[in-house]
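A.B. asks: The file below is target-v7.cif, mmCIF, C-alpha atoms:
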```
data_coords
#
loop_
_atom_site.label_atom_id
_atom_site.label_comp_id
_atom_site.auth_asym_id
_atom_site.auth_seq_id
_atom_site.Cartn_x
_atom_site.Cartn_y
_atom_site.Cartn_z
CA MET A 155 -128.26 27.34 159.60
CA THR A 156 -125.78 25.24 157.66
CA THR A 157 -127.04 24.20 154.25
CA ALA A 158 -126.52 20.60 153.10
CA VAL A 159 -125.91 20.35 149.35
CA ILE A 160 -125.52 17.62 146.78
CA VAL A 161 -122.29 17.89 144.85
CA ASP A 162 -122.66 14.74 142.76
CA ALA A 163 -124.82 11.64 142.42
CA ILE A 164 -124.24 8.50 140.39
CA ARG A 165 -125.58 4.99 140.01
CA THR A 166 -124.87 1.74 138.28
CA PRO A 167 -127.05 0.56 135.45
CA SER A 168 -129.65 -1.91 136.66
CA GLY A 169 -129.03 -5.61 136.39
CA LYS A 170 -131.64 -8.34 136.45
CA GLY A 171 -131.60 -9.75 139.95
CA LYS A 172 -131.13 -13.37 138.99
CA PRO A 173 -128.24 -15.60 137.91
CA GLY A 174 -127.06 -14.41 134.53
CA GLY A 175 -128.08 -10.80 135.10
CA GLN A 176 -125.48 -8.34 133.84
CA LEU A 177 -124.27 -7.47 137.38
CA SER A 178 -124.77 -10.88 138.97
CA GLY A 179 -121.10 -11.81 138.66
CA ILE A 180 -120.02 -8.91 140.89
CA HIS A 181 -119.83 -9.23 144.67
CA PRO A 182 -122.18 -6.61 146.19
CA ALA A 183 -119.40 -5.04 148.25
CA GLN A 184 -117.37 -4.68 145.06
CA LEU A 185 -120.36 -3.19 143.26
CA LEU A 186 -120.71 -0.49 145.92
CA SER A 187 -116.92 0.02 146.03
CA THR A 188 -116.95 0.76 142.32
CA VAL A 189 -119.63 3.42 142.74
CA LEU A 190 -117.84 5.04 145.71
CA ALA A 191 -114.55 5.13 143.81
CA GLY A 192 -116.35 6.55 140.76
CA LEU A 193 -117.95 9.29 142.84
CA ILE A 194 -114.57 10.34 144.19
CA GLU A 195 -112.96 10.22 140.75
CA ARG A 196 -115.71 12.35 139.18
CA THR A 197 -115.49 15.07 141.83
CA GLY A 198 -111.79 14.99 142.65
CA VAL A 199 -112.54 15.12 146.38
CA ASP A 200 -109.84 13.69 148.64
CA PRO A 201 -111.54 10.67 150.27
CA ALA A 202 -109.64 11.42 153.47
CA LEU A 203 -111.95 14.43 153.89
CA VAL A 204 -115.08 12.27 154.07
CA ASP A 205 -116.39 12.25 157.63
CA ASP A 206 -118.72 9.27 157.23
CA VAL A 207 -120.19 6.93 154.63
CA ILE A 208 -123.78 5.86 155.34
CA GLY A 209 -125.13 3.02 153.24
CA GLY A 210 -128.46 1.30 152.83
CA CYS A 211 -128.88 -2.44 152.38
CA VAL A 212 -131.93 -4.56 153.16
CA GLY A 213 -130.62 -8.12 152.83
CA GLN A 214 -127.82 -7.86 155.38
CA ALA A 215 -126.89 -11.54 155.18
CA GLY A 216 -124.35 -13.66 153.35
CA GLU A 217 -122.26 -11.49 151.04
CA GLN A 218 -124.10 -8.40 152.28
CA ALA A 219 -123.45 -9.02 155.98
CA LEU A 220 -120.92 -7.52 158.42
CA ASN A 221 -121.53 -3.86 157.56
CA ILE A 222 -121.21 -4.05 153.79
CA THR A 223 -120.71 -0.27 153.56
CA ARG A 224 -117.47 -0.52 155.53
CA SER A 225 -116.29 -3.32 153.25
CA ALA A 226 -117.13 -1.16 150.24
CA VAL A 227 -115.22 1.83 151.67
CA LEU A 228 -112.13 -0.30 152.20
CA GLY A 229 -112.53 -1.90 148.78
CA ALA A 230 -112.78 1.53 147.18
CA GLY A 231 -109.34 2.39 148.54
CA PHE A 232 -110.51 5.06 150.99
CA PRO A 233 -108.19 5.69 153.94
CA GLU A 234 -108.81 3.33 156.82
CA ALA A 235 -109.73 6.33 158.97
CA VAL A 236 -112.95 6.87 156.97
CA PRO A 237 -115.81 5.17 158.87
CA ALA A 238 -118.96 3.62 157.46
CA THR A 239 -122.23 2.19 158.66
CA THR A 240 -125.08 0.24 157.08
CA ILE A 241 -128.71 0.93 157.88
CA ASP A 242 -131.99 -0.81 157.16
CA ARG A 243 -135.19 1.12 156.66
CA GLN A 244 -136.31 -1.48 154.18
CA CYS A 245 -136.81 -0.12 150.65
CA GLY A 246 -136.05 3.42 151.85
CA SER A 247 -132.68 2.49 153.35
CA SER A 248 -130.48 4.66 151.15
CA GLN A 249 -133.02 7.49 151.13
CA GLN A 250 -132.73 7.41 154.91
CA ALA A 251 -128.94 7.33 154.47
CA ALA A 252 -129.24 10.57 152.50
CA HIS A 253 -131.35 12.06 155.29
CA PHE A 254 -128.82 11.08 157.93
CA ALA A 255 -125.91 12.41 155.86
CA ALA A 256 -127.60 15.75 155.19
CA GLN A 257 -128.86 16.08 158.75
CA GLY A 258 -125.34 15.42 160.00
CA ILE A 259 -124.12 18.28 157.81
CA ILE A 260 -126.89 20.61 159.02
CA ALA A 261 -126.16 19.72 162.65
CA GLY A 262 -122.47 20.49 162.20
CA ALA A 263 -121.37 16.92 162.91
CA TYR A 264 -120.04 16.44 159.37
CA ASP A 265 -118.49 18.63 156.69
CA ILE A 266 -118.60 15.90 154.02
CA ALA A 267 -120.55 12.64 153.94
CA ILE A 268 -121.54 10.07 151.35
CA ALA A 269 -124.98 8.48 151.28
CA CYS A 270 -125.19 5.29 149.25
CA GLY A 271 -126.88 1.94 148.91
CA VAL A 272 -126.57 -1.45 147.31
CA GLU A 273 -128.49 -4.66 146.76
CA SER A 274 -127.53 -7.76 144.83
CA MET A 275 -130.79 -9.65 144.65
CA SER A 276 -129.21 -12.24 142.37
CA ARG A 277 -126.63 -13.17 145.02
CA VAL A 278 -128.59 -12.46 148.22
CA PRO A 279 -132.23 -13.30 147.42
CA MET A 280 -135.09 -11.71 149.36
CA GLY A 281 -135.73 -13.57 152.60
CA THR A 282 -132.15 -14.78 153.01
CA ALA A 283 -131.78 -12.95 156.32
CA THR A 284 -134.76 -14.70 157.93
CA LEU A 285 -134.43 -18.13 156.31
CA GLY A 286 -138.10 -18.80 156.89
CA ARG A 287 -138.02 -17.85 160.58
CA ASN A 288 -140.41 -15.55 162.39
CA ALA A 289 -138.68 -12.18 162.46
CA PHE A 290 -141.54 -10.32 164.18
CA GLY A 291 -141.66 -11.97 167.58
CA PRO A 292 -144.62 -12.85 169.82
CA ALA A 293 -145.59 -9.30 170.81
CA VAL A 294 -146.17 -8.26 167.18
CA ALA A 295 -148.12 -11.47 166.59
CA ALA A 296 -150.28 -10.64 169.60
CA ARG A 297 -150.90 -7.10 168.36
CA TYR A 298 -151.88 -8.32 164.88
CA PRO A 299 -153.52 -11.69 165.59
CA GLU A 300 -154.86 -12.07 162.05
CA GLY A 301 -151.32 -11.77 160.75
CA LEU A 302 -149.49 -9.32 158.52
CA VAL A 303 -149.09 -9.84 154.79
CA ASN A 304 -146.33 -9.52 152.23
CA GLN A 305 -145.95 -6.41 150.12
CA GLY A 306 -147.57 -7.98 147.08
CA VAL A 307 -150.75 -8.62 149.03
CA SER A 308 -150.57 -5.06 150.38
CA ALA A 309 -150.47 -3.86 146.76
CA GLU A 310 -153.53 -6.00 146.04
CA LEU A 311 -155.37 -4.44 148.99
CA ILE A 312 -154.55 -0.93 147.77
CA SER A 313 -155.78 -1.78 144.27
CA ALA A 314 -159.03 -3.16 145.70
CA ARG A 315 -159.73 -0.34 148.15
CA TRP A 316 -158.94 2.46 145.69
CA LYS A 317 -160.62 0.55 142.84
CA PHE A 318 -157.69 0.49 140.39
CA ASP A 319 -158.54 -1.96 137.64
CA ARG A 320 -156.03 -4.19 135.91
CA ALA A 321 -155.95 -2.05 132.76
CA THR A 322 -155.00 1.05 134.76
CA LEU A 323 -152.14 -0.77 136.46
CA ASP A 324 -150.80 -2.22 133.23
CA GLU A 325 -151.11 1.07 131.33
CA PHE A 326 -149.13 2.83 134.04
CA SER A 327 -146.48 0.10 133.92
CA ALA A 328 -146.15 0.27 130.14
CA ARG A 329 -145.74 4.04 130.46
CA SER A 330 -142.89 3.51 132.92
CA HIS A 331 -141.00 1.43 130.36
CA ALA A 332 -141.76 3.89 127.56
CA ARG A 333 -140.49 6.86 129.54
CA ALA A 334 -137.36 5.04 130.64
CA ALA A 335 -136.64 3.83 127.13
CA ALA A 336 -136.93 7.41 125.82
CA THR A 337 -134.46 8.82 128.39
CA ASP A 338 -130.70 9.24 128.05
CA PHE A 339 -129.35 8.23 131.47
CA SER A 340 -125.68 8.59 130.56
CA SER A 341 -125.18 11.60 132.85
CA GLU A 342 -126.09 9.56 135.91
CA ILE A 343 -124.89 6.04 135.08
CA LEU A 344 -121.40 4.87 135.95
CA PRO A 345 -120.44 2.15 133.44
CA ILE A 346 -119.48 -1.10 135.17
CA ASP A 347 -116.86 -3.52 133.88
CA ILE A 348 -118.27 -7.03 133.56
CA ASP A 349 -117.09 -10.27 132.01
CA GLY A 350 -117.20 -9.75 128.30
CA GLY A 351 -117.47 -5.98 128.27
CA ARG A 352 -119.10 -3.08 130.09
CA ALA A 353 -122.59 -2.59 131.44
CA THR A 354 -123.78 0.88 130.40
CA ARG A 355 -127.56 0.53 130.15
CA ASP A 356 -130.38 -0.55 132.42
CA GLU A 357 -131.02 -4.22 131.75
CA THR A 358 -134.56 -4.14 133.14
CA VAL A 359 -136.04 -1.63 130.67
CA ARG A 360 -138.14 -3.20 127.93
CA ALA A 361 -138.86 -0.62 125.25
CA ASN A 362 -141.45 -2.79 123.49
CA THR A 363 -143.67 -3.23 126.57
CA THR A 364 -147.36 -2.62 125.97
CA ALA A 365 -150.38 -2.73 128.24
CA GLU A 366 -151.85 -5.37 125.95
CA GLY A 367 -148.81 -7.57 126.42
CA LEU A 368 -148.84 -7.12 130.19
CA ALA A 369 -152.51 -8.08 130.30
CA GLY A 370 -151.60 -11.71 129.59
CA LEU A 371 -149.51 -12.13 132.76
CA LYS A 372 -150.89 -14.07 135.71
CA PRO A 373 -151.20 -12.66 139.25
CA SER A 374 -148.21 -13.36 141.48
CA PHE A 375 -149.52 -13.36 145.04
CA TYR A 376 -152.72 -15.41 145.10
CA SER A 377 -153.22 -17.88 147.92
CA GLU A 378 -156.38 -19.54 149.21
CA ASP A 379 -155.78 -18.34 152.76
CA ILE A 380 -155.38 -14.69 151.73
CA ALA A 381 -158.30 -14.91 149.32
CA ALA A 382 -160.52 -16.16 152.14
CA ARG A 383 -159.33 -13.42 154.47
CA PHE A 384 -159.70 -10.60 151.93
CA PRO A 385 -162.53 -11.48 149.55
CA GLU A 386 -162.43 -7.94 148.11
CA ILE A 387 -159.12 -8.72 146.34
CA ASP A 388 -159.58 -9.64 142.69
CA TRP A 389 -155.89 -10.42 142.10
CA LYS A 390 -154.29 -8.12 139.58
CA ILE A 391 -150.66 -7.66 140.75
CA THR A 392 -148.37 -9.42 138.27
CA PRO A 393 -144.67 -9.40 137.39
CA GLY A 394 -145.52 -6.77 134.76
CA ASN A 395 -146.94 -4.17 137.15
CA SER A 396 -144.40 -4.84 139.89
CA SER A 397 -140.76 -3.81 140.14
CA PRO A 398 -138.40 -6.60 139.08
CA LEU A 399 -135.75 -8.21 141.25
CA THR A 400 -132.69 -6.06 140.61
CA ASP A 401 -128.97 -5.66 141.26
CA GLY A 402 -127.58 -2.15 141.61
CA ALA A 403 -125.81 0.49 143.66
CA SER A 404 -125.85 4.28 143.88
CA ALA A 405 -124.17 7.07 145.83
CA VAL A 406 -124.56 10.78 146.57
CA LEU A 407 -121.83 13.16 147.76
CA VAL A 408 -123.22 15.53 150.39
CA MET A 409 -121.42 18.42 152.08
CA SER A 410 -121.98 21.81 153.58
CA GLU A 411 -122.34 24.59 151.05
CA GLU A 412 -119.42 26.36 152.70
CA LYS A 413 -117.16 23.30 152.30
CA ALA A 414 -118.19 22.89 148.66
CA ARG A 415 -117.27 26.51 147.93
CA ALA A 416 -113.96 26.14 149.76
CA LEU A 417 -113.10 23.10 147.63
CA GLY A 418 -114.11 24.84 144.41
CA LEU A 419 -117.04 22.50 143.84
CA ARG A 420 -120.41 23.50 142.41
CA PRO A 421 -123.39 22.47 144.54
CA ARG A 422 -126.05 21.00 142.28
CA ALA A 423 -128.95 21.03 144.76
CA ARG A 424 -129.71 21.58 148.41
CA PHE A 425 -131.75 19.50 150.80
CA HIS A 426 -134.85 21.55 151.58
CA THR A 427 -137.10 19.42 153.82
CA PHE A 428 -137.19 15.89 155.26
CA ALA A 429 -139.99 13.70 156.58
CA VAL A 430 -140.31 10.13 157.79
CA THR A 431 -143.32 8.39 159.22
CA GLY A 432 -144.76 5.07 160.24
CA SER A 433 -147.99 3.79 158.74
CA ASP A 434 -150.36 0.82 158.86
CA PRO A 435 -148.18 -2.29 158.48
CA LEU A 436 -151.00 -4.10 156.71
CA LEU A 437 -151.39 -1.37 154.09
CA MET A 438 -147.66 -0.73 154.39
CA LEU A 439 -147.27 0.75 150.92
CA THR A 440 -149.55 3.72 151.66
CA GLY A 441 -146.97 5.35 153.95
CA VAL A 442 -146.02 7.64 151.06
CA ILE A 443 -149.26 9.55 151.65
CA PRO A 444 -148.73 10.67 155.27
CA ALA A 445 -145.00 11.14 154.62
CA THR A 446 -145.75 13.54 151.76
CA ARG A 447 -148.37 15.39 153.78
CA LYS A 448 -145.83 15.84 156.58
CA LEU A 449 -143.20 17.03 154.13
CA LEU A 450 -145.48 19.58 152.47
CA ALA A 451 -146.62 20.94 155.83
CA LYS A 452 -143.01 21.40 156.94
CA SER A 453 -141.87 22.91 153.65
CA GLY A 454 -144.65 25.45 153.24
CA LEU A 455 -145.04 24.38 149.61
CA SER A 456 -148.01 22.88 147.79
CA ILE A 457 -147.88 19.90 145.48
CA ASP A 458 -148.25 22.27 142.51
CA ASP A 459 -145.08 24.15 143.51
CA ILE A 460 -143.01 21.04 142.86
CA ASP A 461 -141.61 20.37 139.40
CA ALA A 462 -141.08 16.60 139.56
CA TYR A 463 -142.14 13.75 141.82
CA GLU A 464 -140.27 10.48 142.24
CA VAL A 465 -142.61 7.99 143.91
CA ASN A 466 -141.00 4.57 144.00
CA GLU A 467 -142.77 2.09 141.77
CA ALA A 468 -142.49 -0.94 144.03
CA PHE A 469 -145.89 -1.82 142.57
CA ALA A 470 -148.03 0.25 140.20
CA PRO A 471 -150.75 0.98 142.81
CA VAL A 472 -148.26 2.90 144.98
CA PRO A 473 -147.62 5.91 142.70
CA LEU A 474 -151.21 5.72 141.48
CA VAL A 475 -152.71 6.00 144.97
CA TRP A 476 -150.24 8.78 145.78
CA GLN A 477 -151.24 10.65 142.59
CA HIS A 478 -154.91 10.18 143.42
CA GLU A 479 -154.62 11.45 146.98
CA PHE A 480 -152.67 14.60 146.04
CA GLY A 481 -154.27 15.37 142.69
CA ALA A 482 -150.74 15.40 141.30
CA ASP A 483 -149.91 16.11 137.67
CA PRO A 484 -149.22 12.71 136.02
CA GLU A 485 -146.71 14.34 133.66
CA ARG A 486 -144.52 15.27 136.64
CA LEU A 487 -144.79 11.83 138.23
CA ASN A 488 -141.75 9.62 137.55
CA PRO A 489 -141.03 11.50 134.32
CA ARG A 490 -138.08 9.26 133.46
CA GLY A 491 -139.92 6.07 134.29
CA GLY A 492 -139.69 4.32 137.62
CA ALA A 493 -138.74 1.09 139.31
CA ILE A 494 -141.13 -1.00 137.22
CA ALA A 495 -138.79 -0.28 134.31
CA LEU A 496 -135.54 0.80 135.97
CA GLY A 497 -135.55 -1.82 138.70
CA HIS A 498 -135.68 -1.75 142.48
CA PRO A 499 -132.41 -2.89 144.09
CA LEU A 500 -133.96 -2.41 147.56
CA GLY A 501 -131.19 -0.77 149.63
CA GLY A 502 -129.82 0.98 146.55
CA SER A 503 -133.09 2.50 145.37
CA GLY A 504 -133.30 5.59 147.59
CA THR A 505 -130.13 7.20 146.30
CA ARG A 506 -130.95 5.94 142.79
CA LEU A 507 -134.22 7.89 142.83
CA LEU A 508 -132.40 10.92 144.19
CA THR A 509 -129.81 10.68 141.41
CA THR A 510 -132.48 10.44 138.72
CA LEU A 511 -134.53 13.27 140.23
CA LEU A 512 -131.52 15.59 140.37
CA ASN A 513 -130.59 14.91 136.76
CA HIS A 514 -134.16 15.47 135.60
CA LEU A 515 -134.39 18.83 137.37
CA GLU A 516 -131.14 19.92 135.75
CA ALA A 517 -132.22 18.74 132.30
CA THR A 518 -135.57 20.54 132.49
CA GLY A 519 -134.67 23.61 134.55
CA GLY A 520 -137.00 22.57 137.38
CA ARG A 521 -136.50 24.00 140.85
CA TYR A 522 -138.10 21.61 143.34
CA GLY A 523 -138.12 17.81 143.36
CA LEU A 524 -139.96 15.51 145.74
CA GLN A 525 -139.00 11.91 146.40
CA THR A 526 -140.93 9.41 148.50
CA MET A 527 -140.57 5.71 149.10
CA CYS A 528 -142.89 3.11 150.67
CA GLU A 529 -141.15 0.74 153.07
CA GLY A 530 -141.75 -2.69 154.53
CA GLY A 531 -143.35 -2.80 157.95
CA GLY A 532 -145.39 0.33 157.27
CA MET A 533 -143.08 3.35 156.94
CA ALA A 534 -142.10 5.93 154.37
CA ASN A 535 -139.48 8.61 153.78
CA ALA A 536 -140.04 11.83 151.86
CA THR A 537 -137.37 14.25 150.67
CA LEU A 538 -137.59 17.66 149.03
CA ILE A 539 -134.59 19.04 147.16
CA GLU A 540 -134.08 22.40 145.47
CA ARG A 541 -131.89 22.65 142.39
CA LEU A 542 -129.20 25.32 142.63
#
```
Give the structure from the file, written as structure tokens.

C.D. replies:
Amino acid sequence: MTTAVIVDAIRTPSGKGKPGGQLSGIHPAQLLSTVLAGLIERTGVDPALVDDVIGGCVGQAGEQALNITRSAVLGAGFPEAVPATTIDRQCGSSQQAAHFAAQGIIAGAYDIAIACGVESMSRVPMGTATLGRNAFGPAVAARYPEGLVNQGVSAELISARWKFDRATLDEFSARSHARAAATDFSSEILPIDIDGGRATRDETVRANTTAEGLAGLKPSFYSEDIAARFPEIDWKITPGNSSPLTDGASAVLVMSEEKARALGLRPRARFHTFAVTGSDPLLMLTGVIPATRKLLAKSGLSIDDIDAYEVNEAFAPVPLVWQHEFGADPERLNPRGGAIALGHPLGGSGTRLLTTLLNHLEATGGRYGLQTMCEGGGMANATLIERL
């Protein structure tokens, strides 16, 4: 069987996803173009050899509409013959892009593909695509007559049902910032030219964050209606134990091992196993649990065989419930910090996590890395890579 390998992976630094954030002055298509061009420049691959570019983006509206990945490919100067498509699997969009790219290689449909993702939450705020309209339709409303909830409320439900107290959430969040602040990300970050200089560091990391400081923040998702419906919630999800609104982009160059050797390129890792699953749309953030179980069953490995785990920190309860269910080593969980510190640019997060995971395995000599991502609507992707 053809082996799909990662030749290179890069990302932008994070930018605060609000006006004035360090990347907020850059059109999202241009942000992704810059990463694609940087990936090609770093590897020396002729872009004409790329069979497809698959990008993730959640807010496909406004400046992120009309197949933003194709706009980014053209903006990066790739030949017009190189196609591109944009997919939406919510927060896991670019992780799914990586799956599709690697699976295309394994199937023999591609020799070379790029998986990537972008989100400019400062320029295309969450909810822009729906503009307050009902995106679910009457059949979904009939199936769930009590109504679905937003992801913040889902995080509250997880905290209540698994009995995570506020101190545990805040301590985990402070640890995320501490680990990120202690890490040198220069091997994975592509500096971005901005007005007045260059962005080279993640803007969302706060090195001085403490659990005591986070304890003073107020809950973000309280409402009387939800409180009446779920009296077990005691409201502990705050801006401090949630991922911040973020701008960013990332990209991974994927090809067959045979093509990499033919081009004189060194494969850095191979895709080992993939999994994707649906889950309860009310407890939508728990999809990482069945996705990981499916992945481990397919791989033949146990959780202890894996050297590092990247579980997206959309909210602190997500990696905590995952760690609890698998008895996972906390030292291997998000060892460079996670989205609470590094940011969560939605469609760009999947390939960002993959980039960080790959660099950590190389820095530590680890062999296996697992990545999983909770997704809106009740889904999750899981990916296992093996460093080469």

A.B. asks: Using the chain letters and residue numbers of this document, give as a list of chain:residue names the residues selected by the PyMOL selection byres ((chain A and resi 337-352) around 7).

C.D. replies: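 The output of the PyMOL selection byres ((chain A and resi 337-352) around 7) on this file is A:Ala163, A:Ile164, A:Arg165, A:Thr166, A:Pro167, A:Arg333, A:Ala334, A:Ala335, A:Ala336, A:Ala353, A:Thr354, A:Arg490, A:Thr509.
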
A.B. asks: Between A:Tyr376, A:Phe290, A:Phe384, A:Trp476, which one has atoms that come closest to Gln525 in chain A, using only C-alpha atoms?

C.D. replies: A:Trp476

A.B. asks: Could you tell me which of A:Asp459, A:Asp324, A:Glu195, A:Glu366 comes closest to Pro393 in chain A if we count all atoms listed in the file?

C.D. replies: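 Looking at the shortest contact to Pro393 in chain A, the residue is A:Asp324.
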
A.B. asks: Nearest residue to Arg243 in chain A out of A:Ser397, A:Asn221, A:Asn513, A:Ser503, using all atoms listed in the file?

C.D. replies: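 For Arg243 in chain A, the nearest of the given residues is A:Ser503.
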
A.B. asks: Considering all atoms listed in the file, return as a compact mmCIF listing (two decimals) with C-alpha atoms, in the frame of the given file whatever protein or nucleic-acid residues lie within 7 Å of His331 in chain A, sequence-local ones (same chain, fewer than 5 positions apart) excluded.

C.D. replies:
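Final file, out_15.txt:
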```
# COMPACT_ATOMS: atom_id res chain seq x y z
CA VAL A 359 -136.04 -1.63 130.67
CA ARG A 360 -138.14 -3.20 127.93
CA ALA A 361 -138.86 -0.62 125.25
CA THR A 363 -143.67 -3.23 126.57
CA GLY A 491 -139.92 6.07 134.29
CA ALA A 495 -138.79 -0.28 134.31
```

A.B. asks: When distances are computed from all atoms listed in the file, which of A:Leu220, A:Gln250, A:Gln305, A:Val207 shows the smallest separation from Phe232 in chain A?

C.D. replies: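 The answer is A:Val207, which sits nearest to Phe232 in chain A.
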
A.B. asks: Running the PyMOL selection byres ((chain A and resi 317-321) around 12) on this model by hand, what would come out? Give it as a PyMOL selection string.

C.D. replies: chain A and resi 309-316+322-328+364-373+386-392+394-395+470-475+478

A.B. asks: Between CA of Gly210 in chain A and CA of Gly432 in chain A, what distance in Å does the model show, to one decimal?

C.D. replies: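 About the pair CA of Gly210 in chain A and CA of Gly432 in chain A: they are 18.3 Å apart.
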
A.B. asks: Quick one: distance from CA of Gly502 in chain A to CA of Cys528 in chain A in Å, one decimal?

C.D. replies: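 A separation of 13.9 Å between them.
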
A.B. asks: Which of these, A:Ala261, A:Ala445, A:Met527, A:Ala293, has the shortest distance to Met155 in chain A once you count only C-alpha atoms?

C.D. replies: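 Between A:Ala261, A:Ala445, A:Met527, A:Ala293, the residue approaching Met155 in chain A most closely is A:Ala261.
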
A.B. asks: What does the structure give for the distance between CA of Ile222 in chain A and CA of Ala238 in chain A, in Å to one decimal?

C.D. replies: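 A separation of 8.8 Å between them.
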
A.B. asks: Go through A:Leu437, A:Leu500, A:Ala296, A:Met409 and flag the residue nearest Met275 in chain A, using all atoms listed in the file for the distances.

C.D. replies: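 Smallest distance to Met275 in chain A is found for A:Leu500.
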
A.B. asks: Centre and edge lengths, as lines of an AutoDock Vina configuration file, for the axis-aligned box enclosing every listed atom of range 165-178 of chain A with 6 Å of padding on each of the six sides, in Å to one decimal?

C.D. replies:
```
center_x = -128.0
center_y = -5.3
center_z = 136.9
size_x = 19.4
size_y = 32.6
size_z = 18.2
```

A.B. asks: Mind telling me what the PyMOL selection byres ((chain A and resi 236) around 7) catches here, as a PyMOL selection string?

C.D. replies: chain A and resi 202+204-206+232-235+237-238

A.B. asks: Give me the residues within 10 Å of Thr446 in chain A as a list in words, counting all atoms listed in the file and dropping any in the same chain fewer than 4 places off.

C.D. replies: Phe428, Ala429, Val430, Thr431, Gly441, Val442, Leu450, Ala451, Lys452, Ile457, Trp476, Phe480, Leu524, Gln525, Thr526, Met527, Ala534, Asn535, Ala536, Thr537 and Leu538 of chain A

A.B. asks: Those same residues, written as a CSV table (one decimal), keeping the file's coordinate frame with C-alpha atoms?

C.D. replies:
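Listed below is the output, result.csv:
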```csv
chain,number,residue,atom,x,y,z
A,428,PHE,CA,-137.2,15.9,155.3
A,429,ALA,CA,-140.0,13.7,156.6
A,430,VAL,CA,-140.3,10.1,157.8
A,431,THR,CA,-143.3,8.4,159.2
A,441,GLY,CA,-147.0,5.4,154.0
A,442,VAL,CA,-146.0,7.6,151.1
A,450,LEU,CA,-145.5,19.6,152.5
A,451,ALA,CA,-146.6,20.9,155.8
A,452,LYS,CA,-143.0,21.4,156.9
A,457,ILE,CA,-147.9,19.9,145.5
A,476,TRP,CA,-150.2,8.8,145.8
A,480,PHE,CA,-152.7,14.6,146.0
A,524,LEU,CA,-140.0,15.5,145.7
A,525,GLN,CA,-139.0,11.9,146.4
A,526,THR,CA,-140.9,9.4,148.5
A,527,MET,CA,-140.6,5.7,149.1
A,534,ALA,CA,-142.1,5.9,154.4
A,535,ASN,CA,-139.5,8.6,153.8
A,536,ALA,CA,-140.0,11.8,151.9
A,537,THR,CA,-137.4,14.2,150.7
A,538,LEU,CA,-137.6,17.7,149.0
```

A.B. asks: Could you add whatever atoms are missing so that range 428-440 of chain A carries N, CA and C atoms, then write the result as a tab-separated table (two decimals), keeping the file's coordinate frame?

C.D. replies:
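For reference, selection06.tsv as written:
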```tsv
chain	number	residue	atom	x	y	z
A	428	PHE	N	-137.18	17.35	155.07
A	428	PHE	CA	-137.19	15.89	155.26
A	428	PHE	C	-138.45	15.49	156.02
A	429	ALA	N	-138.91	14.27	155.78
A	429	ALA	CA	-139.99	13.70	156.58
A	429	ALA	C	-139.84	12.19	156.59
A	430	VAL	N	-140.23	11.59	157.69
A	430	VAL	CA	-140.31	10.13	157.79
A	430	VAL	C	-141.45	9.80	158.73
A	431	THR	N	-142.16	8.73	158.41
A	431	THR	CA	-143.32	8.39	159.22
A	431	THR	C	-143.56	6.89	159.21
A	432	GLY	N	-144.24	6.43	160.25
A	432	GLY	CA	-144.76	5.07	160.24
A	432	GLY	C	-146.17	5.08	159.69
A	433	SER	N	-146.64	3.90	159.29
A	433	SER	CA	-147.99	3.79	158.74
A	433	SER	C	-148.51	2.38	159.03
A	434	ASP	N	-149.72	2.12	158.64
A	434	ASP	CA	-150.36	0.82	158.86
A	434	ASP	C	-149.51	-0.29	158.25
A	435	PRO	N	-149.03	-1.24	159.06
A	435	PRO	CA	-148.18	-2.29	158.48
A	435	PRO	C	-148.92	-3.28	157.58
A	436	LEU	N	-150.24	-3.26	157.63
A	436	LEU	CA	-151.00	-4.10	156.71
A	436	LEU	C	-151.06	-3.44	155.34
A	437	LEU	N	-151.42	-2.16	155.33
A	437	LEU	CA	-151.39	-1.37	154.09
A	437	LEU	C	-150.05	-0.62	154.03
A	438	MET	N	-148.97	-1.34	154.16
A	438	MET	CA	-147.66	-0.73	154.39
A	438	MET	C	-147.21	0.20	153.26
A	439	LEU	N	-147.74	-0.01	152.07
A	439	LEU	CA	-147.27	0.75	150.92
A	439	LEU	C	-147.92	2.13	150.83
A	440	THR	N	-148.89	2.41	151.69
A	440	THR	CA	-149.55	3.72	151.66
A	440	THR	C	-148.82	4.75	152.51
```
